[in-house]
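Content type PDB, C-alpha atoms, from the file coords_6.pdb:
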```
MODEL        1
ATOM      1  CA  MET F   1     -54.714-128.757-136.666
ATOM      2  CA  ALA F   2     -53.396-129.093-140.174
ATOM      3  CA  GLN F   3     -50.849-126.468-139.307
ATOM      4  CA  GLY F   4     -49.667-128.401-136.251
ATOM      5  CA  VAL F   5     -48.687-131.474-138.251
ATOM      6  CA  PRO F   6     -45.901-129.770-140.267
ATOM      7  CA  CYS F   7     -44.606-128.115-137.108
ATOM      8  CA  SER F   8     -44.423-131.407-135.272
ATOM      9  CA  SER F   9     -42.619-133.066-138.171
ATOM     10  CA  SER F  10     -40.106-130.181-138.352
ATOM     11  CA  PHE F  11     -39.739-130.405-134.586
ATOM     12  CA  LEU F  12     -39.063-134.137-134.831
ATOM     13  CA  LEU F  13     -36.569-133.514-137.659
ATOM     14  CA  ARG F  14     -34.702-130.900-135.587
ATOM     15  CA  GLN F  15     -34.691-133.218-132.596
ATOM     16  CA  HIS F  16     -33.297-136.027-134.751
ATOM     17  CA  LEU F  17     -30.536-133.736-136.138
ATOM     18  CA  ASP F  18     -29.642-132.521-132.638
ATOM     19  CA  ASP F  19     -29.363-136.126-131.470
ATOM     20  CA  MET F  20     -27.048-136.934-134.405
ATOM     21  CA  ILE F  21     -24.825-133.922-133.654
ATOM     22  CA  GLU F  22     -24.594-134.875-129.967
ATOM     23  CA  GLU F  23     -23.658-138.441-130.920
ATOM     24  CA  ILE F  24     -20.910-137.223-133.291
ATOM     25  CA  GLU F  25     -19.515-134.840-130.671
ATOM     26  CA  SER F  26     -19.481-137.533-128.001
ATOM     27  CA  THR F  27     -17.627-139.984-130.270
ATOM     28  CA  GLN F  28     -15.073-137.272-131.140
ATOM     29  CA  GLU F  29     -14.472-136.570-127.450
ATOM     30  CA  SER F  30     -14.037-140.257-126.677
ATOM     31  CA  HIS F  31     -11.598-140.684-129.600
ATOM     32  CA  SER F  32      -9.664-137.473-128.949
ATOM     33  CA  ASN F  33      -6.353-139.367-128.813
ATOM     34  CA  GLU F  34      -6.802-140.662-132.366
ATOM     35  CA  ILE F  35      -5.656-138.682-135.407
ATOM     36  CA  ASP F  36      -8.345-136.462-136.857
ATOM     37  CA  ILE F  37      -8.583-136.852-140.620
ATOM     38  CA  ILE F  38      -9.823-133.309-141.148
ATOM     39  CA  SER F  39      -7.067-131.500-139.254
ATOM     40  CA  MET F  40      -3.664-131.023-140.926
ATOM     41  CA  PRO F  41      -0.607-132.237-139.046
ATOM     42  CA  GLU F  42       1.934-129.568-138.189
ATOM     43  CA  ILE F  43       5.051-130.279-140.214
ATOM     44  CA  ASP F  44       8.078-128.377-139.042
ATOM     45  CA  TYR F  45      10.529-128.077-141.912
ATOM     46  CA  GLN F  46      14.095-127.507-140.908
ATOM     47  CA  VAL F  47      15.540-124.395-142.468
ATOM     48  CA  ALA F  48      19.219-124.598-143.295
ATOM     49  CA  GLU F  49      21.555-121.987-141.947
ATOM     50  CA  GLN F  50      22.301-119.019-144.115
ATOM     51  CA  ILE F  51      25.483-118.789-146.157
ATOM     52  CA  ILE F  52      27.670-115.726-145.630
ATOM     53  CA  ILE F  53      30.031-114.569-148.367
ATOM     54  CA  ARG F  54      32.619-112.066-147.193
ATOM     55  CA  GLY F  55      34.418-109.504-149.293
ATOM     56  CA  ASN F  56      37.968-110.376-150.254
ATOM     57  CA  GLY F  57      38.986-107.395-152.371
ATOM     58  CA  ASN F  58      42.087-105.295-152.016
ATOM     59  CA  MET F  59      40.084-102.124-151.327
ATOM     60  CA  THR F  60      37.233-101.549-148.889
ATOM     61  CA  LEU F  61      35.350 -98.262-148.870
ATOM     62  CA  PHE F  62      32.761 -97.545-146.200
ATOM     63  CA  GLY F  63      32.593-101.224-145.184
ATOM     64  CA  LEU F  64      31.949-102.540-148.702
ATOM     65  CA  ALA F  65      34.731-104.507-150.403
ATOM     66  CA  ASN F  66      35.331-104.177-154.129
ATOM     67  CA  THR F  67      35.050-107.956-154.764
ATOM     68  CA  PHE F  68      33.465-110.987-153.149
ATOM     69  CA  SER F  69      34.800-114.525-153.093
ATOM     70  CA  SER F  70      33.656-116.695-155.999
ATOM     71  CA  ASP F  71      34.289-119.968-154.141
ATOM     72  CA  TYR F  72      31.257-122.214-154.520
ATOM     73  CA  PRO F  73      29.790-123.026-151.070
ATOM     74  CA  SER F  74      29.172-126.718-150.504
ATOM     75  CA  ASN F  75      25.756-125.926-148.941
ATOM     76  CA  LEU F  76      24.487-124.900-152.386
ATOM     77  CA  LEU F  77      25.253-128.293-153.895
ATOM     78  CA  GLY F  78      22.047-129.582-155.438
ATOM     79  CA  LYS F  79      20.317-126.197-155.146
ATOM     80  CA  VAL F  80      22.004-124.095-157.823
ATOM     81  CA  SER F  81      24.673-124.848-160.401
ATOM     82  CA  LYS F  82      28.223-123.655-159.933
ATOM     83  CA  GLU F  83      28.064-121.715-163.220
ATOM     84  CA  GLU F  84      24.958-119.741-162.152
ATOM     85  CA  PHE F  85      26.542-118.932-158.810
ATOM     86  CA  GLU F  86      29.767-117.740-160.453
ATOM     87  CA  ALA F  87      27.809-115.675-162.997
ATOM     88  CA  THR F  88      25.964-113.912-160.172
ATOM     89  CA  ILE F  89      29.183-113.262-158.234
ATOM     90  CA  ASN F  90      30.813-111.910-161.426
ATOM     91  CA  ARG F  91      27.876-109.505-161.960
ATOM     92  CA  ILE F  92      28.203-108.322-158.362
ATOM     93  CA  ASN F  93      31.987-107.928-158.606
ATOM     94  CA  ASN F  94      31.750-105.995-161.906
ATOM     95  CA  LEU F  95      29.231-103.600-160.375
ATOM     96  CA  LEU F  96      31.376-103.092-157.270
ATOM     97  CA  ARG F  97      34.573-102.528-159.260
ATOM     98  CA  SER F  98      32.974 -99.853-161.409
ATOM     99  CA  HIS F  99      31.417 -98.063-158.433
ATOM    100  CA  HIS F 100      34.551 -98.358-156.278
ATOM    101  CA  SER F 101      36.816 -96.837-158.905
ATOM    102  CA  ILE F 102      34.568 -93.771-159.124
ATOM    103  CA  ASN F 103      34.189 -93.577-155.337
ATOM    104  CA  ALA F 104      37.954 -93.848-154.763
ATOM    105  CA  ARG F 105      38.676 -91.014-157.209
ATOM    106  CA  LEU F 106      36.074 -88.742-155.644
ATOM    107  CA  LEU F 107      37.293 -89.601-152.155
ATOM    108  CA  LEU F 108      40.838 -88.689-153.186
ATOM    109  CA  ILE F 109      39.630 -85.368-154.602
ATOM    110  CA  GLY F 110      37.691 -84.806-151.376
ATOM    111  CA  CYS F 111      40.854 -85.404-149.347
ATOM    112  CA  LEU F 112      42.766 -82.897-151.442
ATOM    113  CA  CYS F 113      40.061 -80.282-150.995
ATOM    114  CA  CYS F 114      39.568 -81.079-147.311
ATOM    115  CA  CYS F 115      41.635 -78.111-146.084
ATOM    116  CA  CYS F 116      39.682 -75.624-148.180
ATOM    117  CA  SER F 117      36.232 -76.963-147.285
ATOM    118  CA  PHE F 118      36.849 -77.632-143.556
ATOM    119  CA  GLY F 119      36.196 -81.368-144.060
ATOM    120  CA  CYS F 120      32.861 -80.994-145.878
ATOM    121  CA  SER F 121      34.352 -82.400-149.085
ATOM    122  CA  LEU F 122      34.747 -85.767-147.323
ATOM    123  CA  LEU F 123      31.142 -85.793-146.139
ATOM    124  CA  TRP F 124      29.569 -86.006-149.606
ATOM    125  CA  PRO F 125      31.452 -89.096-150.828
ATOM    126  CA  THR F 126      30.860 -90.846-147.517
ATOM    127  CA  LEU F 127      27.109 -90.372-147.523
ATOM    128  CA  ALA F 128      26.017 -90.141-151.149
ATOM    129  CA  LEU F 129      28.367 -92.493-152.958
ATOM    130  CA  SER F 130      28.273 -95.333-150.454
ATOM    131  CA  LYS F 131      24.477 -95.171-150.400
ATOM    132  CA  ARG F 132      24.364 -95.193-154.215
ATOM    133  CA  THR F 133      26.641 -98.242-154.347
ATOM    134  CA  ARG F 134      24.573-100.138-151.757
ATOM    135  CA  SER F 135      21.287 -99.341-153.509
ATOM    136  CA  ALA F 136      22.705-100.438-156.899
ATOM    137  CA  LEU F 137      23.914-103.705-155.328
ATOM    138  CA  GLU F 138      20.563-104.328-153.623
ATOM    139  CA  LYS F 139      18.786-103.674-156.919
ATOM    140  CA  LEU F 140      21.056-106.200-158.663
ATOM    141  CA  LEU F 141      20.400-108.793-155.936
ATOM    142  CA  TYR F 142      16.643-108.169-156.197
ATOM    143  CA  GLY F 143      16.800-108.793-159.945
ATOM    144  CA  GLU F 144      18.829-111.979-159.490
ATOM    145  CA  ASN F 145      16.376-113.239-156.857
ATOM    146  CA  ASN F 146      13.401-112.623-159.125
ATOM    147  CA  ARG F 147      15.139-114.104-162.158
ATOM    148  CA  LEU F 148      16.318-117.377-160.623
ATOM    149  CA  TYR F 149      17.046-117.769-156.941
ATOM    150  CA  ASN F 150      13.589-117.323-155.383
ATOM    151  CA  LYS F 151      12.306-120.077-157.692
ATOM    152  CA  LEU F 152      15.017-122.366-156.330
ATOM    153  CA  GLY F 153      14.192-121.585-152.688
ATOM    154  CA  LEU F 154      17.100-119.173-152.127
ATOM    155  CA  ASN F 155      17.268-115.460-151.379
ATOM    156  CA  TRP F 156      20.331-113.215-151.730
ATOM    157  CA  LYS F 157      20.589-110.072-149.656
ATOM    158  CA  LEU F 158      23.158-107.560-148.475
ATOM    159  CA  GLY F 159      23.795-107.638-144.740
ATOM    160  CA  LYS F 160      26.001-105.940-142.202
ATOM    161  CA  GLU F 161      28.222-107.928-139.876
ATOM    162  CA  ARG F 162      31.134-107.340-137.580
ATOM    163  CA  CYS F 163      34.484-107.673-139.310
ATOM    164  CA  HIS F 164      36.021-111.086-138.622
ATOM    165  CA  THR F 165      39.516-109.613-138.141
ATOM    166  CA  ASN F 166      38.615-106.550-136.045
ATOM    167  CA  HIS F 167      35.304-106.644-134.182
ATOM    168  CA  SER F 168      35.083-102.863-133.822
ATOM    169  CA  PHE F 169      34.435-102.441-137.573
ATOM    170  CA  MET F 170      31.348-103.393-139.581
ATOM    171  CA  ASP F 171      31.534-104.999-143.027
ATOM    172  CA  TYR F 172      28.904-105.593-145.672
ATOM    173  CA  VAL F 173      28.499-109.255-146.566
ATOM    174  CA  LEU F 174      26.366-111.204-149.012
ATOM    175  CA  ILE F 175      23.871-113.477-147.288
ATOM    176  CA  ILE F 176      22.193-116.395-149.031
ATOM    177  CA  GLU F 177      19.102-117.517-147.148
ATOM    178  CA  PHE F 178      17.217-120.750-147.680
ATOM    179  CA  LEU F 179      13.511-119.973-148.015
ATOM    180  CA  PRO F 180      11.139-122.228-146.049
ATOM    181  CA  LYS F 181       9.173-124.758-148.056
ATOM    182  CA  GLN F 182       5.564-123.921-148.816
ATOM    183  CA  HIS F 183       2.797-126.073-147.376
ATOM    184  CA  ILE F 184       1.065-127.341-150.502
ATOM    185  CA  TYR F 185      -1.888-128.835-148.652
ATOM    186  CA  LEU F 186      -2.931-125.606-146.966
ATOM    187  CA  PRO F 187      -5.749-123.655-148.636
ATOM    188  CA  ASP F 188      -4.940-120.439-150.476
TER     189      ASP F 188
ENDMDL
END
```

Could you show the structure in this file as structure tokens?
Amino acid sequence: MAQGVPCSSSFLLRQHLDDMIEEIESTQESHSNEIDIISMPEIDYQVAEQIIIRGNGNMTLFGLANTFSSDYPSNLLGKVSKEEFEATINRINNLLRSHHSINARLLLIGCLCCCCSFGCSLLWPTLALSKRTRSALEKLLYGENNRLYNKLGLNWKLGKERCHTNHSFMDYVLIIEFLPKQHIYLPD
């Protein structure tokens, strides 16, 4: 009988806890229209449209212009300084000018040797040099993003878009994306 007493008290304790849980659940169901303190409200941050910077150079090889416009977009006002933006565009333009001068010379040599090589001398500059220029530009943009722009909520990338003057051609453009804001109240 001494063993039955602790069992009955534990049984009564379980019964009391079950009654408390049922009472809490019933009050939550009856107040389902009220705001729950524990649940986080869904905040939908508006993401601004991306900024597209088109090439404006005098020479375009394989869809990539040798310079990009250094005009400061008004959408970046309050996000990044005009000097930082111009410094990034100058780095990009310097890289493109150096690569385009080499690519143009090799393309010219390929054209001169085209008759002797049955057109194969044009294939190498088209594939290898344009890919090397794009990868160098993407590497530069990655470094700029890590250095400054990702911390400011921006992301630069190289994208492909239809040419605005002739829709049958594709051009490479610089795209500045606005990164969505992080939810600081969500757990890690």

**Message:** If the PyMOL selection byres ((chain F and resi 91-95) around 12) were run on this exact file, what residues would it hold? Put them as a PyMOL selection string.
**Reply:** chain F and resi 53+55-57+64-70+84-90+96-102+132-144+156-158+173-174

**atom CA of F:Pro180 to atom CA of F:Tyr149, distance in Å rounded to a single decimal** =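 Taking atom CA of F:Pro180 as the start and atom CA of F:Tyr149 as the end point, the length is 13.2 Å.
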
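When only C-alpha atoms are used to compute distances to F:Ile51, the closest of the residues F:Ser130, F:Thr165, F:Ser74, F:Gln15 turns out to be F:Ser74.
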
**Message:** Would you compute the distance between atom CA of F:Cys163 and atom CA of F:Met59? Give it in Å to one decimal.
**Reply:**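 According to the coordinates, atom CA of F:Cys163 and atom CA of F:Met59 are separated by 14.4 Å.
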
**Prompt:** At what distance in Å, to one decimal, does atom CA of F:Leu148 lie from atom CA of F:Lys160?
**Reply:**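 Going from atom CA of F:Lys160 over to atom CA of F:Leu148 covers 23.7 Å.
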
**Item:** Residue nearest F:Gly78 - candidates F:Ile175, F:His164, F:Gly110, F:Leu154, atoms counted: only C-alpha atoms
**Value:**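 Answer, going by the shortest atom-to-atom distance: F:Leu154.
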
**Asked** With distances taken over only C-alpha atoms, which of F:Asp19, F:Leu61, F:Arg162, F:Gln50 is nearest to F:Lys131?
**Response**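 That would be F:Leu61, the residue with the smallest distance to F:Lys131.
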